[in-house]
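Okay, run.txt is below, compact mmCIF, C-alpha atoms:
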```txt
# COMPACT_ATOMS: atom_id res chain seq x y z
CA MET A 1 128.75 67.11 28.32
CA SER A 2 125.11 66.62 29.33
CA GLN A 3 124.14 66.08 32.95
CA HIS A 4 123.35 62.44 32.21
CA ASP A 5 126.80 61.89 30.66
CA LEU A 6 128.34 63.67 33.60
CA GLU A 7 126.62 61.35 36.05
CA THR A 8 127.72 58.29 34.07
CA THR A 9 131.32 59.54 34.02
CA LEU A 10 131.28 60.22 37.75
CA ARG A 11 129.87 56.78 38.50
CA ALA A 12 132.60 55.17 36.44
CA ILE A 13 135.39 56.73 38.49
CA ARG A 14 134.26 55.50 41.87
CA PRO A 15 137.38 55.50 44.09
CA VAL A 16 138.58 52.11 45.30
CA ALA A 17 140.40 51.68 48.61
CA PRO A 18 144.11 51.01 48.11
CA PRO A 19 145.39 47.58 49.24
CA GLU A 20 147.30 49.05 52.21
CA LEU A 21 144.10 50.60 53.54
CA ARG A 22 142.24 47.34 52.96
CA GLU A 23 144.85 45.53 55.06
CA ARG A 24 144.67 48.21 57.74
CA VAL A 25 140.88 47.91 57.99
CA ARG A 26 141.08 44.10 58.00
CA ALA A 27 143.49 44.30 60.94
CA ILE A 28 141.03 46.57 62.76
CA ALA A 29 138.15 44.19 62.05
CA GLU A 30 140.13 41.24 63.39
CA ARG A 31 140.60 42.89 66.76
CA PRO A 32 138.25 41.81 69.50
CA ALA A 33 135.48 44.32 70.11
CA PRO A 34 136.42 46.47 73.09
CA ALA A 35 134.46 46.04 76.31
CA ARG A 36 131.19 47.90 76.21
CA ARG A 37 130.86 50.95 78.35
CA LEU A 38 127.83 51.24 80.56
CA GLY A 39 124.98 52.53 78.47
CA GLY A 40 121.27 53.18 78.65
CA TRP A 41 119.80 53.27 82.15
CA ARG A 42 122.95 51.84 83.78
CA ARG A 43 125.11 54.86 83.07
CA PRO A 44 123.07 57.39 85.12
CA LEU A 45 122.77 54.73 87.81
CA ALA A 46 126.54 54.29 87.91
CA ILE A 47 126.84 58.01 88.57
CA ALA A 48 123.84 58.40 90.87
CA VAL A 49 124.59 55.56 93.29
CA PRO A 50 128.09 56.62 94.38
CA LEU A 51 126.96 60.22 94.38
CA ALA A 52 124.02 59.44 96.67
CA ALA A 53 126.33 57.45 98.94
CA ALA A 54 128.80 60.32 99.10
CA LEU A 55 126.01 62.81 99.85
CA ALA A 56 124.53 60.60 102.54
CA ALA A 57 127.93 60.18 104.14
CA ALA A 58 128.52 63.92 103.97
CA LEU A 59 125.13 64.58 105.59
CA VAL A 60 125.96 62.19 108.43
CA ALA A 61 129.24 64.03 108.86
CA VAL A 62 127.43 67.37 109.09
CA PHE A 63 124.90 66.10 111.64
CA THR A 64 127.53 64.54 113.85
CA GLY A 65 129.42 67.82 113.77
CA GLN A 66 126.35 69.76 114.96
CA ASN A 67 125.33 67.45 117.80
CA GLY A 68 128.10 68.53 120.14
CA SER A 69 130.23 66.30 122.34
CA ARG A 70 129.08 63.31 124.28
CA PRO A 71 128.38 64.09 127.95
CA GLU A 72 131.17 62.95 130.20
CA VAL A 73 130.39 60.19 132.62
CA SER A 74 131.92 60.37 136.05
CA PRO A 75 133.60 57.10 137.07
CA THR A 76 131.73 57.30 140.39
CA ALA A 77 128.24 57.70 138.95
CA LYS A 78 127.86 54.03 138.11
CA SER A 79 124.09 53.93 138.40
CA VAL A 80 123.73 56.85 136.03
CA GLN A 81 126.11 55.20 133.65
CA HIS A 82 124.09 52.00 133.82
CA THR A 83 120.86 53.89 133.08
CA LYS A 84 122.53 55.55 130.13
CA SER A 85 123.80 52.29 128.70
CA ALA A 86 120.23 50.99 128.71
CA ALA A 87 119.21 53.86 126.44
CA PRO A 88 119.69 53.44 122.69
CA ASP A 89 123.36 53.55 121.79
CA ARG A 90 124.05 56.82 120.03
CA SER A 91 127.80 56.54 120.15
CA TYR A 92 127.91 56.19 116.34
CA LEU A 93 127.05 59.88 116.22
CA GLN A 94 130.41 60.62 117.80
CA ALA A 95 132.29 58.23 115.55
CA PRO A 96 134.73 59.86 113.14
CA SER A 97 133.02 60.94 109.92
CA PRO A 98 133.53 58.32 107.18
CA VAL A 99 133.77 60.92 104.40
CA THR A 100 135.46 64.28 104.74
CA PRO A 101 134.31 67.23 102.59
CA GLU A 102 137.46 66.72 100.54
CA GLN A 103 136.65 63.06 99.91
CA ALA A 104 133.06 63.97 99.00
CA VAL A 105 134.38 66.46 96.44
CA VAL A 106 136.79 63.92 94.96
CA GLY A 107 134.04 61.25 94.84
CA THR A 108 131.63 63.61 93.11
CA ALA A 109 134.29 64.76 90.66
CA ARG A 110 135.20 61.18 89.73
CA ALA A 111 131.56 60.28 89.25
CA LEU A 112 131.37 63.05 86.64
CA GLY A 113 134.54 61.91 84.86
CA GLY A 114 136.77 64.45 86.57
CA THR A 115 140.25 63.99 87.97
CA VAL A 116 142.24 65.77 90.66
CA VAL A 117 145.01 67.85 89.12
CA SER A 118 146.48 69.27 92.30
CA LYS A 119 145.78 69.81 95.99
CA ARG A 120 146.83 72.72 98.17
CA VAL A 121 146.42 72.77 101.93
CA LEU A 122 145.65 76.25 103.23
CA ALA A 123 145.25 77.49 106.80
CA HIS A 124 141.56 76.69 107.13
CA ALA A 125 140.74 75.03 103.87
CA VAL A 126 141.92 72.59 101.23
CA GLU A 127 142.02 73.77 97.62
CA LEU A 128 141.54 71.14 94.91
CA ARG A 129 142.10 71.75 91.21
CA LEU A 130 139.90 69.36 89.25
CA SER A 131 139.93 68.66 85.54
CA PHE A 132 136.61 67.85 83.82
CA PRO A 133 135.80 66.85 80.25
CA GLN A 134 134.39 69.81 78.32
CA GLY A 135 130.69 70.25 78.92
CA LYS A 136 130.80 68.63 82.34
CA ALA A 137 132.30 71.55 84.22
CA ARG A 138 129.03 73.46 84.74
CA GLU A 139 127.20 70.45 86.08
CA ALA A 140 130.18 69.65 88.29
CA MET A 141 130.25 73.18 89.69
CA THR A 142 126.57 72.98 90.63
CA ARG A 143 126.99 69.62 92.35
CA LEU A 144 130.21 70.54 94.09
CA ALA A 145 128.75 73.80 95.38
CA ALA A 146 125.89 71.82 96.95
CA LEU A 147 128.23 69.57 98.95
CA PRO A 148 128.56 70.28 102.65
CA GLY A 149 131.91 71.79 103.52
CA THR A 150 132.38 73.44 100.11
CA VAL A 151 133.52 77.01 100.63
CA ARG A 152 134.10 78.16 97.09
CA VAL A 153 133.90 76.83 93.51
CA ASP A 154 135.53 78.59 90.54
CA LEU A 155 135.97 77.82 86.87
CA THR A 156 139.40 78.81 85.63
CA PRO A 157 140.69 79.36 82.10
CA HIS A 158 142.68 76.43 80.80
CA ASP A 159 144.90 75.78 77.79
CA ALA A 160 143.83 72.19 77.19
CA ARG A 161 141.26 71.90 74.42
CA ASP A 162 139.10 69.16 75.82
CA ALA A 163 139.09 69.89 79.54
CA ASP A 164 137.97 72.54 81.99
CA ILE A 165 139.57 73.22 85.34
CA VAL A 166 137.38 73.78 88.37
CA VAL A 167 138.95 75.00 91.62
CA VAL A 168 137.11 73.92 94.75
CA ARG A 169 137.91 75.07 98.26
CA VAL A 170 136.58 72.95 101.12
CA SER A 171 136.82 73.49 104.85
CA ARG A 172 139.46 71.43 106.63
CA PRO A 173 138.14 68.82 109.03
CA MET B 1 121.55 44.36 66.55
CA THR B 2 122.47 42.56 63.35
CA ASP B 3 123.37 39.16 61.97
CA MET B 4 126.18 40.66 59.91
CA SER B 5 129.56 40.61 61.63
CA PHE B 6 131.66 43.72 61.86
CA ALA B 7 134.35 42.11 59.68
CA GLN B 8 131.78 41.39 56.96
CA ALA B 9 130.44 44.94 57.07
CA ALA B 10 133.97 46.36 56.93
CA GLU B 11 134.89 44.21 53.93
CA ARG B 12 131.68 44.98 52.09
CA HIS B 13 131.57 48.73 52.64
CA LEU B 14 135.22 49.77 52.76
CA ASP B 15 135.16 51.15 49.20
CA ASP B 16 131.95 53.07 49.92
CA VAL B 17 133.37 54.72 53.02
CA TYR B 18 136.71 55.44 51.38
CA GLY B 19 135.06 56.75 48.20
CA TYR B 20 132.77 59.02 50.15
CA LEU B 21 135.62 60.40 52.26
CA ALA B 22 137.89 60.86 49.23
CA TRP B 23 135.22 62.99 47.57
CA PHE B 24 134.28 64.83 50.72
CA THR B 25 137.80 65.76 51.80
CA GLY B 26 139.23 66.05 48.29
CA ASP B 27 142.41 64.39 49.55
CA ARG B 28 143.00 60.67 49.17
CA VAL B 29 145.71 60.49 51.84
CA VAL B 30 143.47 62.17 54.40
CA ALA B 31 140.60 59.96 53.27
CA GLU B 32 142.68 56.85 53.99
CA ASP B 33 143.39 57.98 57.56
CA LEU B 34 139.79 58.99 58.15
CA THR B 35 138.56 55.68 56.73
CA ALA B 36 140.72 53.75 59.19
CA GLU B 37 139.50 56.01 61.98
CA THR B 38 135.90 55.41 60.91
CA PHE B 39 136.32 51.64 61.14
CA GLU B 40 138.11 51.95 64.50
CA ARG B 41 135.15 53.88 65.87
CA ALA B 42 132.67 51.59 64.13
CA LEU B 43 134.22 48.58 65.87
CA ARG B 44 133.77 50.28 69.25
CA LEU B 45 130.16 51.21 68.47
CA TRP B 46 129.14 48.11 66.53
CA HIS B 47 126.86 46.92 69.34
CA ARG B 48 124.77 50.05 68.76
CA PHE B 49 124.18 49.37 65.08
CA ASP B 50 120.59 48.37 64.43
CA GLU B 51 119.74 46.98 61.00
CA GLN B 52 116.09 47.89 61.53
CA ARG B 53 117.01 51.57 61.52
CA GLY B 54 119.15 51.61 58.40
CA SER B 55 121.77 49.71 56.44
CA ALA B 56 125.34 49.22 57.60
CA ARG B 57 126.46 51.35 54.67
CA THR B 58 124.33 54.29 55.81
CA TRP B 59 125.48 53.87 59.41
CA LEU B 60 129.15 53.75 58.36
CA CYS B 61 128.74 56.79 56.11
CA GLN B 62 127.16 58.69 59.00
CA LEU B 63 130.11 57.79 61.21
CA ALA B 64 132.54 58.74 58.44
CA ARG B 65 130.83 62.10 58.07
CA THR B 66 131.11 62.86 61.79
CA ILE B 67 134.80 61.96 61.71
CA ALA B 68 135.41 64.07 58.59
CA LEU B 69 133.65 67.07 60.14
CA ASP B 70 135.78 66.66 63.30
CA HIS B 71 138.83 66.55 61.05
CA PHE B 72 137.79 69.75 59.25
CA ARG B 73 137.25 71.49 62.58
CA SER B 74 140.61 70.47 64.00
CA GLU B 75 142.32 71.40 60.72
CA ARG B 76 140.73 74.86 60.87
CA ARG B 77 141.94 75.25 64.45
CA ARG B 78 145.42 74.11 63.49
CA LEU B 79 145.57 76.50 60.53
CA ARG B 80 144.37 79.36 62.68
CA ARG B 81 146.96 78.52 65.29
CA GLU B 82 149.72 78.39 62.78
CA GLU B 83 148.42 81.49 60.98
CA ARG B 84 148.50 79.75 57.66
CA ALA B 85 144.81 80.06 56.95
CA ALA B 86 145.47 82.33 53.99
CA GLN B 87 147.46 79.68 52.19
CA PRO B 88 145.51 77.92 49.45
CA GLU B 89 144.76 74.22 49.86
CA ARG B 90 147.21 71.97 48.06
CA TYR B 91 146.13 68.88 46.24
CA ASP B 92 149.02 66.72 45.21
CA GLU B 93 147.03 63.72 44.12
CA PRO B 94 144.03 63.44 41.83
CA LEU B 95 140.66 62.99 43.49
CA ALA B 96 140.19 59.62 41.81
CA GLU B 97 141.89 57.52 39.15
CA GLY B 98 140.65 58.02 35.60
CA LEU B 99 139.46 61.62 35.92
CA SER B 100 140.09 63.87 32.94
CA PRO B 101 142.07 67.03 33.85
CA GLU B 102 139.03 69.19 32.97
CA LEU B 103 136.72 67.22 35.24
CA GLU B 104 139.37 67.12 37.97
CA SER B 105 139.78 70.91 37.97
CA ALA B 106 136.00 71.43 37.72
CA LEU B 107 135.52 69.20 40.75
CA ARG B 108 138.11 71.20 42.67
CA VAL B 109 135.94 74.30 42.24
CA LEU B 110 133.08 72.62 44.12
CA THR B 111 132.84 72.99 47.87
CA ALA B 112 133.26 69.99 50.17
CA GLY B 113 129.50 70.01 50.72
CA GLU B 114 128.81 69.90 46.98
CA ARG B 115 131.34 67.13 46.40
CA GLU B 116 129.84 65.24 49.32
CA VAL B 117 126.31 65.19 47.92
CA ILE B 118 127.62 64.06 44.52
CA ALA B 119 129.62 61.31 46.21
CA LEU B 120 126.60 60.00 48.07
CA ARG B 121 123.96 60.31 45.37
CA ILE B 122 125.95 59.66 42.19
CA VAL B 123 129.12 57.79 43.12
CA LEU B 124 127.69 55.60 45.90
CA GLU B 125 124.23 55.64 44.30
CA LEU B 126 122.39 56.13 47.56
CA ASP B 127 118.73 57.08 47.18
CA ALA B 128 117.72 60.63 48.12
CA ALA B 129 116.20 59.65 51.47
CA THR B 130 119.28 57.70 52.59
CA ALA B 131 121.70 60.38 51.43
CA ALA B 132 119.59 62.99 53.22
CA ARG B 133 119.81 60.90 56.39
CA VAL B 134 123.59 60.72 56.18
CA LEU B 135 123.75 64.48 55.62
CA GLY B 136 121.21 65.24 58.34
CA ILE B 137 119.02 67.28 55.99
CA SER B 138 115.60 66.84 54.37
CA THR B 139 115.18 64.82 51.18
CA THR B 140 114.07 67.94 49.30
CA ASN B 141 117.11 69.83 50.50
CA CYS B 142 119.34 66.95 49.46
CA THR B 143 117.82 66.85 45.96
CA THR B 144 118.19 70.62 45.59
CA ARG B 145 121.79 70.48 46.79
CA LEU B 146 122.60 67.76 44.26
CA ALA B 147 120.95 69.66 41.38
CA ARG B 148 122.92 72.79 42.24
CA ALA B 149 126.19 70.89 42.56
CA LEU B 150 125.72 69.17 39.19
CA LYS B 151 124.74 72.44 37.54
CA LYS B 152 127.83 74.13 38.92
CA LEU B 153 130.00 71.24 37.75
CA GLU B 154 128.45 71.37 34.29
CA GLU B 155 129.05 75.12 34.08
CA GLU B 156 132.67 74.71 35.13
CA LEU B 157 133.15 72.10 32.42
CA HIS B 158 131.60 74.45 29.83
CA VAL B 159 133.94 77.23 30.92
CA ALA B 160 136.91 74.87 30.66
CA ALA B 161 135.81 73.75 27.18
```

Will you turn the file into structure tokens for me?
Amino acid sequence: MSQHDLETTLRAIRPVAPPELRERVRAIAERPAPARRLGGWRRPLAIAVPLAAALAAALVAVFTGQNGSRPEVSPTAKSVQHTKSAAPDRSYLQAPSPVTPEQAVVGTARALGGTVVSKRVLAHAVELRLSFPQGKAREAMTRLAALPGTVRVDLTPHDARDADIVVVRVSRP
Amino acid sequence: MTDMSFAQAAERHLDDVYGYLAWFTGDRVVAEDLTAETFERALRLWHRFDEQRGSARTWLCQLARTIALDHFRSERRRLRREERAAQPERYDEPLAEGLSPELESALRVLTAGEREVIALRIVLELDAATAARVLGISTTNCTTRLARALKKLEEELHVAA
């Protein structure tokens, strides 16, 4: 058989989809297209905005922790108290921190597609086991290590094929 | 984007995708599953298809190829896990209807890569540039691969005769 004949023979036996497969594909085509995921420039934005918010909140938490306690005002020193109230109100600095280190870790993990697998409360820290899609774990470790309150970040071996487990230890508030 | 609807593209190119996968995998049952998977994924990604960058047939074949390669990888992992890698592949069904036994067995000697290039260039009659795009190789490489595959097939047929 010459190469030309061979090509002709091969062309003649082009496989045709069986009717069951045709029906199956028709059923797929009739489904409504699933909702589009964020793509293009919106995807990084969807990650960056909550991340920036979490970082900002964490920074505020750190600063408020370093500024010490508010000076006590004696009930008798009314004039002093009055003078102080005229000064800019800095009481927000003493307000409870809106985001704890643990919440910042969880927020960052979720922004990267991670989920919390387990949580363990230790004497001075909280240990979180986080699952990340493969390929995201390294980036997650870098970001989590940069968060205030993070004490330790480890990557642990894991049986699941498509996920990595990162163990993060954060200081307890 | 495109004026063609997903349903139209699916109807028009189902045989192409199935034919390509049947040749590539060498197993019609697997090809059926992978074809359905290809169209499932194609439906999800249809908004990304751009007619300016290539035909729907090329785009669907590219998707089918990715899915087939994923399938090969997971099969390899499964075989390794089950320690059955040494067992020869079993083909219960012919590659396509109407093949002579000699041609069928000669085709079985070809690798998946060789069958794939024949499927694209001869069976689906894609031009060299389009087939090369689906395969992710240069046009020259695609032409060389096809020539080698056909030569090997011819030799196998001579041996059988």

inquiry  = Based on all atoms listed in the file, which of the residues in chain B come within 7 Å of chain A? I want them as a PyMOL selection string.
reply    = chain B and resi 6-7+10+14-15+18-19+32+36+39-40+43-44+96-99+122-123+154

message = Just the number, please: distance in Å from atom CA of B:Arg108 to atom CA of B:Lys151, one decimal.
response = 14.4 Å

query = Smallest atom-to-atom distance to A:Pro101: which of A:Met141, A:Val170, A:Val121, A:Ala52, using only C-alpha atoms?
reply =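 Of A:Met141, A:Val170, A:Val121, A:Ala52, the one nearest A:Pro101, counting only C-alpha atoms, is A:Val170.
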
message = Env of A:Ala123: 12 Å cut, atoms = all atoms listed in the file, seq-sep filter 6 positions within chain, self excluded. Answer as a list in words.
response =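 Residues meeting the cut-off are Arg169, Val170, Ser171, Arg172 and Pro173 of chain A.
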
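Within 9 Å of A:Val167, once all atoms listed in the file are used and residues closer than 6 positions along the same chain are dropped, the contacting residues are Glu127, Leu128, Arg129, Leu130, Ser131, Arg152, Val153, Asp154, Leu155 and Thr156 of chain A.
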
task = Find the spatial neighbours of B:Leu63, counting all atoms listed in the file, within a cut-off of 12 Å - ignore same-chain residues fewer than 5 positions away - and output them as a list of chain:residue names.
result = B:Val17, B:Tyr20, B:Leu21, B:Leu34, B:Thr35, B:Ala36, B:Glu37, B:Thr38, B:Phe39, B:Glu40, B:Arg41, B:Ala42, B:Leu43, B:Arg44, B:Leu45, B:Trp46, B:Phe49, B:Ala56, B:Arg57, B:Thr58, B:Ala68, B:Leu69, B:Asp70, B:Arg133, B:Val134, B:Leu135, B:Gly136

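Between atom CA of A:Phe132 and atom CA of B:Leu79 the interatomic distance comes to 26.4 Å.
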
task = Would you list the contacts of stretch 139-141 of chain B as a PyMOL selection string, taking every protein, DNA or RNA residue within 10 Å and counting only C-alpha atoms, but skipping same-chain residues closer than 6 positions in sequence?
result = chain B and resi 127-133+147

query = When you draw a straight line from atom CA of A:Leu122 to atom CA of A:Thr64, how long is it in Å?
reply =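 Result for atom CA of A:Leu122 versus atom CA of A:Thr64: 24.0 Å, one decimal.
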
ask   = Skipping near chain neighbours, those fewer than 3 positions away, what residues fall within 9 Å of B:Gly113 using all atoms listed in the file, listed as a VMD selection string?
value = chain B and resid 24 110 116 to 118 145 149

Answer as a PyMOL selection string, residues within 9 Å of (138.6, 70.5, 34.4) using only C-alpha atoms = chain B and resi 100-108+156-157+159-161
